[in-house]
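Worksheet for the structure shown next.
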Amino acid sequence: MTPDTVAIARPAALPGIAVFIIADIASFMLFFGVFMSERMQAAPAFAASASRLDVGLGLANTLILLTSGWCLAEAERRHHASPAAAQRWLRVAWIVGALFVLIKVWEYREKLSMGITPATDTFFTFYYVFTGLHLLHYIAGMTILALLTRRRFVRQDGYAGWLRSGAMYWHMVDVLWLFIFPLLYLQVTA
Amino acid sequence: MRRLLHNPAIVWLCLLAATFISVEFIRRWVPGNFAMAVIMALAAAKATLVAWSFMGLASAPLAWRIAFATLFWLGAAMIVVLGVLG
(Lines give C-alpha, C1' and ligand atoms only; values in the text may rest on other atoms or scores of the structure.)
Protein backbone atom coordinates (compact mmCIF):
# COMPACT_ATOMS: atom_id res chain seq x y z
CA MET A 1 0.00 0.00 0.00
CA THR A 2 1.50 3.34 -1.05
CA PRO A 3 1.41 6.41 1.22
CA ASP A 4 -1.05 7.99 -1.23
CA THR A 5 -3.45 5.09 -0.78
CA VAL A 6 -3.24 5.46 3.01
CA ALA A 7 -4.00 9.19 2.76
CA ILE A 8 -7.10 8.48 0.68
CA ALA A 9 -8.31 5.67 2.94
CA ARG A 10 -8.15 7.69 6.22
CA PRO A 11 -11.24 9.90 5.80
CA ALA A 12 -13.38 6.80 5.16
CA ALA A 13 -13.42 6.21 8.96
CA LEU A 14 -15.88 9.08 9.40
CA PRO A 15 -18.62 7.84 7.07
CA GLY A 16 -18.14 4.41 8.69
CA ILE A 17 -18.98 5.64 12.16
CA ALA A 18 -21.78 7.78 10.71
CA VAL A 19 -23.41 4.67 9.23
CA PHE A 20 -23.15 2.93 12.60
CA ILE A 21 -24.65 6.00 14.32
CA ILE A 22 -27.61 6.11 11.91
CA ALA A 23 -28.24 2.37 12.41
CA ASP A 24 -27.96 2.62 16.20
CA ILE A 25 -30.27 5.61 16.51
CA ALA A 26 -32.75 3.92 14.13
CA SER A 27 -32.74 0.82 16.39
CA PHE A 28 -33.51 2.97 19.42
CA MET A 29 -36.30 4.75 17.50
CA LEU A 30 -37.88 1.35 16.82
CA PHE A 31 -37.63 0.54 20.56
CA PHE A 32 -39.32 3.86 21.31
CA GLY A 33 -42.09 2.88 18.88
CA VAL A 34 -42.57 -0.41 20.74
CA PHE A 35 -42.64 1.51 24.06
CA MET A 36 -45.31 3.90 22.74
CA SER A 37 -47.44 1.08 21.31
CA GLU A 38 -47.30 -0.68 24.71
CA ARG A 39 -48.20 2.65 26.33
CA MET A 40 -51.33 2.81 24.14
CA GLN A 41 -52.68 -0.22 26.05
CA ALA A 42 -52.24 1.38 29.48
CA ALA A 43 -51.44 5.11 29.34
CA PRO A 44 -52.60 5.93 32.92
CA ALA A 45 -50.53 3.04 34.37
CA PHE A 46 -47.46 4.22 32.45
CA ALA A 47 -47.96 7.79 33.70
CA ALA A 48 -48.37 6.54 37.28
CA SER A 49 -45.13 4.55 37.06
CA ALA A 50 -43.30 7.46 35.42
CA SER A 51 -44.30 9.69 38.33
CA ARG A 52 -42.07 7.49 40.54
CA LEU A 53 -39.00 8.62 38.56
CA ASP A 54 -37.00 11.58 39.82
CA VAL A 55 -37.21 14.30 37.13
CA GLY A 56 -34.41 16.20 38.93
CA LEU A 57 -31.97 13.31 38.44
CA GLY A 58 -32.98 12.95 34.77
CA LEU A 59 -32.53 16.69 34.27
CA ALA A 60 -29.13 16.62 36.02
CA ASN A 61 -27.99 13.80 33.74
CA THR A 62 -29.20 15.71 30.66
CA LEU A 63 -27.21 18.79 31.70
CA ILE A 64 -24.14 16.64 32.40
CA LEU A 65 -24.35 14.99 28.97
CA LEU A 66 -24.79 18.30 27.16
CA THR A 67 -21.87 19.84 29.07
CA SER A 68 -19.62 16.87 28.37
CA GLY A 69 -20.58 17.02 24.68
CA TRP A 70 -19.75 20.72 24.59
CA CYS A 71 -16.32 20.09 26.16
CA LEU A 72 -15.63 17.44 23.52
CA ALA A 73 -16.71 19.81 20.72
CA GLU A 74 -14.28 22.41 22.13
CA ALA A 75 -11.51 19.77 22.24
CA GLU A 76 -12.12 18.93 18.60
CA ARG A 77 -12.17 22.61 17.60
CA ARG A 78 -8.84 23.26 19.32
CA HIS A 79 -7.11 20.07 18.23
CA HIS A 80 -5.13 21.52 15.30
CA ALA A 81 -4.27 24.91 16.84
CA SER A 82 -3.42 23.73 20.35
CA PRO A 83 -3.23 19.97 21.01
CA ALA A 84 -2.46 20.60 24.71
CA ALA A 85 -5.64 22.66 25.15
CA ALA A 86 -7.59 19.99 23.28
CA GLN A 87 -6.29 17.37 25.73
CA ARG A 88 -7.42 19.51 28.68
CA TRP A 89 -10.93 19.82 27.20
CA LEU A 90 -10.97 16.06 26.58
CA ARG A 91 -10.12 15.35 30.22
CA VAL A 92 -12.84 17.76 31.41
CA ALA A 93 -15.33 16.03 29.06
CA TRP A 94 -14.41 12.67 30.62
CA ILE A 95 -14.62 13.92 34.22
CA VAL A 96 -17.99 15.64 33.65
CA GLY A 97 -19.20 12.54 31.79
CA ALA A 98 -18.25 10.30 34.73
CA LEU A 99 -20.84 12.15 36.86
CA PHE A 100 -23.56 10.70 34.62
CA VAL A 101 -22.54 7.14 35.55
CA LEU A 102 -22.45 8.01 39.27
CA ILE A 103 -25.93 9.52 39.17
CA LYS A 104 -27.29 6.60 37.13
CA VAL A 105 -25.85 4.01 39.53
CA TRP A 106 -27.23 5.99 42.50
CA GLU A 107 -30.64 6.15 40.79
CA TYR A 108 -30.65 2.40 40.10
CA ARG A 109 -29.69 1.73 43.72
CA GLU A 110 -32.49 3.98 44.96
CA LYS A 111 -35.06 2.32 42.69
CA LEU A 112 -33.98 -1.20 43.66
CA SER A 113 -34.09 -0.29 47.36
CA MET A 114 -37.70 0.87 46.83
CA GLY A 115 -38.46 -2.56 45.36
CA ILE A 116 -38.70 -1.22 41.80
CA THR A 117 -37.18 -3.84 39.50
CA PRO A 118 -37.52 -4.63 35.78
CA ALA A 119 -40.29 -7.07 36.79
CA THR A 120 -42.36 -4.40 38.60
CA ASP A 121 -44.40 -3.47 35.52
CA THR A 122 -44.08 -2.91 31.77
CA PHE A 123 -42.99 0.72 32.19
CA PHE A 124 -40.09 -0.22 34.44
CA THR A 125 -39.09 -3.08 32.15
CA PHE A 126 -38.69 -0.46 29.41
CA TYR A 127 -37.03 1.94 31.88
CA TYR A 128 -34.30 -0.56 32.79
CA VAL A 129 -33.84 -1.76 29.19
CA PHE A 130 -33.58 1.77 27.70
CA THR A 131 -31.40 3.26 30.42
CA GLY A 132 -29.32 0.05 30.70
CA LEU A 133 -28.64 -0.08 26.95
CA HIS A 134 -27.85 3.62 27.01
CA LEU A 135 -25.50 3.12 29.96
CA LEU A 136 -23.65 0.37 28.04
CA HIS A 137 -23.22 2.78 25.10
CA TYR A 138 -22.10 5.41 27.59
CA ILE A 139 -19.46 3.20 29.21
CA ALA A 140 -18.13 2.30 25.72
CA GLY A 141 -17.97 6.04 24.97
CA MET A 142 -16.10 6.76 28.20
CA THR A 143 -13.58 4.02 27.33
CA ILE A 144 -13.05 5.62 23.91
CA LEU A 145 -12.59 9.06 25.54
CA ALA A 146 -10.13 7.61 28.05
CA LEU A 147 -8.08 6.12 25.19
CA LEU A 148 -8.15 9.45 23.35
CA THR A 149 -6.80 11.26 26.42
CA ARG A 150 -3.89 8.79 26.48
CA ARG A 151 -2.48 9.67 23.09
CA ARG A 152 0.12 6.91 23.22
CA PHE A 153 -2.67 4.34 22.78
CA VAL A 154 -3.76 5.88 19.47
CA ARG A 155 -1.64 6.00 16.30
CA GLN A 156 -0.47 9.58 16.00
CA ASP A 157 -0.79 9.80 12.19
CA GLY A 158 -4.49 9.09 12.42
CA TYR A 159 -5.26 10.79 15.74
CA ALA A 160 -7.49 13.50 14.21
CA GLY A 161 -9.64 10.81 12.58
CA TRP A 162 -9.93 8.83 15.82
CA LEU A 163 -10.85 12.00 17.70
CA ARG A 164 -13.50 12.85 15.10
CA SER A 165 -15.00 9.35 15.17
CA GLY A 166 -14.85 9.11 18.98
CA ALA A 167 -16.51 12.51 19.33
CA MET A 168 -19.26 11.56 16.87
CA TYR A 169 -19.95 8.41 18.90
CA TRP A 170 -20.09 10.43 22.12
CA HIS A 171 -22.54 12.91 20.59
CA MET A 172 -24.69 9.98 19.44
CA VAL A 173 -24.94 8.91 23.10
CA ASP A 174 -26.08 12.50 23.86
CA VAL A 175 -28.72 12.33 21.14
CA LEU A 176 -30.12 9.02 22.42
CA TRP A 177 -30.51 10.50 25.91
CA LEU A 178 -32.24 13.60 24.47
CA PHE A 179 -35.07 11.25 23.42
CA ILE A 180 -34.97 8.89 26.43
CA PHE A 181 -35.28 11.76 28.93
CA PRO A 182 -38.65 13.18 27.74
CA LEU A 183 -39.96 9.72 26.87
CA LEU A 184 -39.44 8.28 30.38
CA TYR A 185 -39.05 11.20 32.79
CA LEU A 186 -41.38 13.75 31.19
CA GLN A 187 -44.06 11.18 30.49
CA VAL A 188 -47.34 12.99 29.93
CA THR A 189 -50.84 11.61 30.13
CA ALA A 190 -53.08 11.89 27.09
CA MET B 1 -26.66 30.78 11.44
CA ARG B 2 -23.56 28.97 10.21
CA ARG B 3 -21.38 31.07 12.56
CA LEU B 4 -23.64 30.15 15.47
CA LEU B 5 -23.26 26.45 14.64
CA HIS B 6 -19.47 26.81 14.66
CA ASN B 7 -19.50 28.17 18.22
CA PRO B 8 -20.00 25.18 20.57
CA ALA B 9 -20.47 27.42 23.65
CA ILE B 10 -23.49 29.20 22.11
CA VAL B 11 -24.95 25.88 20.94
CA TRP B 12 -24.45 24.44 24.44
CA LEU B 13 -26.33 27.40 25.98
CA CYS B 14 -29.18 26.93 23.47
CA LEU B 15 -29.35 23.22 24.36
CA LEU B 16 -29.47 24.00 28.10
CA ALA B 17 -32.21 26.59 27.53
CA ALA B 18 -34.28 24.13 25.46
CA THR B 19 -33.89 21.49 28.19
CA PHE B 20 -35.11 23.84 30.93
CA ILE B 21 -38.00 24.96 28.69
CA SER B 22 -39.05 21.29 28.22
CA VAL B 23 -39.08 20.61 31.96
CA GLU B 24 -40.81 23.89 32.86
CA PHE B 25 -43.36 23.35 30.10
CA ILE B 26 -44.41 20.03 31.62
CA ARG B 27 -44.46 21.49 35.16
CA ARG B 28 -46.52 24.57 34.36
CA TRP B 29 -48.81 23.49 31.54
CA VAL B 30 -51.70 21.07 31.62
CA PRO B 31 -50.27 17.71 30.48
CA GLY B 32 -51.75 16.36 27.29
CA ASN B 33 -51.14 15.64 23.65
CA PHE B 34 -50.09 19.22 22.92
CA ALA B 35 -47.47 19.10 25.69
CA MET B 36 -46.15 15.80 24.34
CA ALA B 37 -45.87 17.26 20.82
CA VAL B 38 -43.99 20.29 22.16
CA ILE B 39 -41.47 18.35 24.25
CA MET B 40 -40.79 15.82 21.47
CA ALA B 41 -40.36 18.65 18.93
CA LEU B 42 -37.86 20.24 21.34
CA ALA B 43 -36.06 16.88 21.69
CA ALA B 44 -35.82 16.53 17.88
CA ALA B 45 -34.64 20.16 17.57
CA LYS B 46 -31.95 19.58 20.22
CA ALA B 47 -30.81 16.35 18.52
CA THR B 48 -30.60 18.20 15.18
CA LEU B 49 -28.57 20.99 16.80
CA VAL B 50 -26.15 18.46 18.37
CA ALA B 51 -25.74 16.69 15.01
CA TRP B 52 -25.30 19.91 13.00
CA SER B 53 -22.92 21.62 15.40
CA PHE B 54 -21.14 19.11 17.68
CA MET B 55 -21.05 16.28 15.12
CA GLY B 56 -20.12 18.75 12.38
CA LEU B 57 -22.88 17.70 10.00
CA ALA B 58 -23.60 21.32 9.04
CA SER B 59 -20.76 21.05 6.55
CA ALA B 60 -21.47 17.41 5.61
CA PRO B 61 -23.03 16.39 2.26
CA LEU B 62 -26.77 17.02 1.98
CA ALA B 63 -27.58 13.29 1.95
CA TRP B 64 -26.11 12.85 5.46
CA ARG B 65 -28.03 15.84 6.79
CA ILE B 66 -31.29 14.56 5.30
CA ALA B 67 -30.68 11.08 6.77
CA PHE B 68 -30.04 12.40 10.29
CA ALA B 69 -32.82 15.00 10.24
CA THR B 70 -35.33 12.44 8.92
CA LEU B 71 -34.38 10.01 11.66
CA PHE B 72 -34.82 12.58 14.46
CA TRP B 73 -38.01 14.22 13.23
CA LEU B 74 -39.67 11.03 12.00
CA GLY B 75 -38.84 9.37 15.35
CA ALA B 76 -40.32 12.29 17.29
CA ALA B 77 -43.40 12.34 15.04
CA MET B 78 -43.91 8.59 15.52
CA ILE B 79 -43.77 9.01 19.33
CA VAL B 80 -46.30 11.89 19.22
CA VAL B 81 -48.69 10.05 16.86
CA LEU B 82 -48.62 6.88 18.97
CA GLY B 83 -49.07 9.03 22.10
CA VAL B 84 -52.10 10.77 20.61
CA LEU B 85 -53.62 7.45 19.51
CA GLY B 86 -53.10 6.07 23.02
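FYI, nothing fancy with the C-alpha coordinates labels: chains A, B, ... in order, residues from 1 per chain, ligands from 1 as they appear.
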- Pull out every residue of chain B sitting within 8 Å of chain A, counting only C-alpha atoms, and send them as a ChimeraX atom specification. /B:8-9,12,15-16,19,23,26,31-33,35-36,39-40,43-44,46-47,50-51,54-55,67-68,71,75,78-79,82-86
- What lies within 12 Å of Trp94 of chain A using only C-alpha atoms, ignoring chain neighbours under 2 positions off, as a ChimeraX atom specification? /A:64-65,67-72,75,87-92,96-101,138-139,141-150,167,170
- Message: Using only C-alpha atoms, can you tell me which of B:Ala41, B:Ala60, B:Ala76, B:Arg65 comes closest to Ile21 of chain B?
- Response: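 Going through B:Ala41, B:Ala60, B:Ala76, B:Arg65 one by one, the smallest distance to Ile21 of chain B is for B:Ala41.
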- Query: Near segment 107-122 of chain A, within 10 Å and counting only C-alpha atoms, which residues show up once chain neighbours fewer than 3 positions away are dropped, as a list of chain:residue names?
  - Reply: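 My reading of the contact set: A:Phe35, A:Glu38, A:Arg39, A:Ala42, A:Ala45, A:Phe46, A:Ser49, A:Arg52, A:Leu53, A:Asp54, A:Leu57, A:Gly58, A:Val101, A:Leu102, A:Ile103, A:Lys104, A:Thr125, A:Phe126, A:Tyr127, A:Tyr128, A:Val129, A:Thr131, A:Gly132.
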Quick one: write out the picked residues with N, CA and C atoms as an mmCIF file, in the first residue's frame?
data_model
loop_
_atom_site.group_PDB
_atom_site.id
_atom_site.type_symbol
_atom_site.label_atom_id
_atom_site.label_comp_id
_atom_site.auth_asym_id
_atom_site.auth_seq_id
_atom_site.Cartn_x
_atom_site.Cartn_y
_atom_site.Cartn_z
ATOM 1 N N PHE A 35 -42.254 0.950 22.759
ATOM 2 C CA PHE A 35 -42.643 1.514 24.059
ATOM 3 C C PHE A 35 -43.970 2.271 23.927
ATOM 4 N N GLU A 38 -46.922 -0.042 23.425
ATOM 5 C CA GLU A 38 -47.300 -0.678 24.706
ATOM 6 C C GLU A 38 -48.038 0.328 25.591
ATOM 7 N N ARG A 39 -47.584 1.591 25.517
ATOM 8 C CA ARG A 39 -48.204 2.651 26.327
ATOM 9 C C ARG A 39 -49.663 2.878 25.911
ATOM 10 N N ALA A 42 -52.048 1.021 28.074
ATOM 11 C CA ALA A 42 -52.241 1.383 29.484
ATOM 12 C C ALA A 42 -51.570 2.724 29.807
ATOM 13 N N ALA A 45 -51.476 3.841 33.572
ATOM 14 C CA ALA A 45 -50.531 3.045 34.370
ATOM 15 C C ALA A 45 -49.093 3.470 34.083
ATOM 16 N N PHE A 46 -48.799 3.760 32.811
ATOM 17 C CA PHE A 46 -47.455 4.219 32.448
ATOM 18 C C PHE A 46 -47.164 5.563 33.119
ATOM 19 N N SER A 49 -46.476 5.084 36.817
ATOM 20 C CA SER A 49 -45.130 4.545 37.060
ATOM 21 C C SER A 49 -44.073 5.616 36.810
ATOM 22 N N ARG A 52 -42.985 7.973 39.493
ATOM 23 C CA ARG A 52 -42.075 7.489 40.538
ATOM 24 C C ARG A 52 -40.611 7.762 40.179
ATOM 25 N N LEU A 53 -40.383 8.265 38.949
ATOM 26 C CA LEU A 53 -39.005 8.620 38.563
ATOM 27 C C LEU A 53 -38.699 10.033 39.057
ATOM 28 N N ASP A 54 -37.436 10.270 39.337
ATOM 29 C CA ASP A 54 -37.003 11.582 39.820
ATOM 30 C C ASP A 54 -36.605 12.456 38.624
ATOM 31 N N LEU A 57 -33.141 14.119 38.797
ATOM 32 C CA LEU A 57 -31.972 13.311 38.435
ATOM 33 C C LEU A 57 -31.847 13.193 36.911
ATOM 34 N N GLY A 58 -32.988 13.020 36.243
ATOM 35 C CA GLY A 58 -32.977 12.948 34.771
ATOM 36 C C GLY A 58 -32.488 14.254 34.166
ATOM 37 N N VAL A 101 -22.543 8.539 35.100
ATOM 38 C CA VAL A 101 -22.544 7.140 35.553
ATOM 39 C C VAL A 101 -22.837 7.086 37.056
ATOM 40 N N LEU A 102 -22.224 7.993 37.813
ATOM 41 C CA LEU A 102 -22.445 8.006 39.272
ATOM 42 C C LEU A 102 -23.920 8.232 39.597
ATOM 43 N N ILE A 103 -24.512 9.219 38.928
ATOM 44 C CA ILE A 103 -25.934 9.519 39.175
ATOM 45 C C ILE A 103 -26.809 8.339 38.759
ATOM 46 N N LYS A 104 -26.471 7.728 37.626
ATOM 47 C CA LYS A 104 -27.288 6.601 37.133
ATOM 48 C C LYS A 104 -27.224 5.426 38.114
ATOM 49 N N THR A 125 -39.873 -2.198 33.022
ATOM 50 C CA THR A 125 -39.087 -3.079 32.146
ATOM 51 C C THR A 125 -38.421 -2.221 31.072
ATOM 52 N N PHE A 126 -39.243 -1.348 30.432
ATOM 53 C CA PHE A 126 -38.688 -0.457 29.409
ATOM 54 C C PHE A 126 -37.663 0.493 30.027
ATOM 55 N N TYR A 127 -37.945 0.999 31.220
ATOM 56 C CA TYR A 127 -37.029 1.942 31.880
ATOM 57 C C TYR A 127 -35.641 1.307 32.040
ATOM 58 N N TYR A 128 -35.607 0.092 32.574
ATOM 59 C CA TYR A 128 -34.303 -0.560 32.794
ATOM 60 C C TYR A 128 -33.629 -0.938 31.476
ATOM 61 N N VAL A 129 -34.423 -1.376 30.484
ATOM 62 C CA VAL A 129 -33.836 -1.757 29.189
ATOM 63 C C VAL A 129 -33.257 -0.523 28.481
ATOM 64 N N THR A 131 -32.507 2.587 29.718
ATOM 65 C CA THR A 131 -31.403 3.256 30.423
ATOM 66 C C THR A 131 -30.188 2.323 30.534
ATOM 67 N N GLY A 132 -30.436 1.008 30.636
ATOM 68 C CA GLY A 132 -29.324 0.054 30.704
ATOM 69 C C GLY A 132 -28.557 -0.003 29.390
#
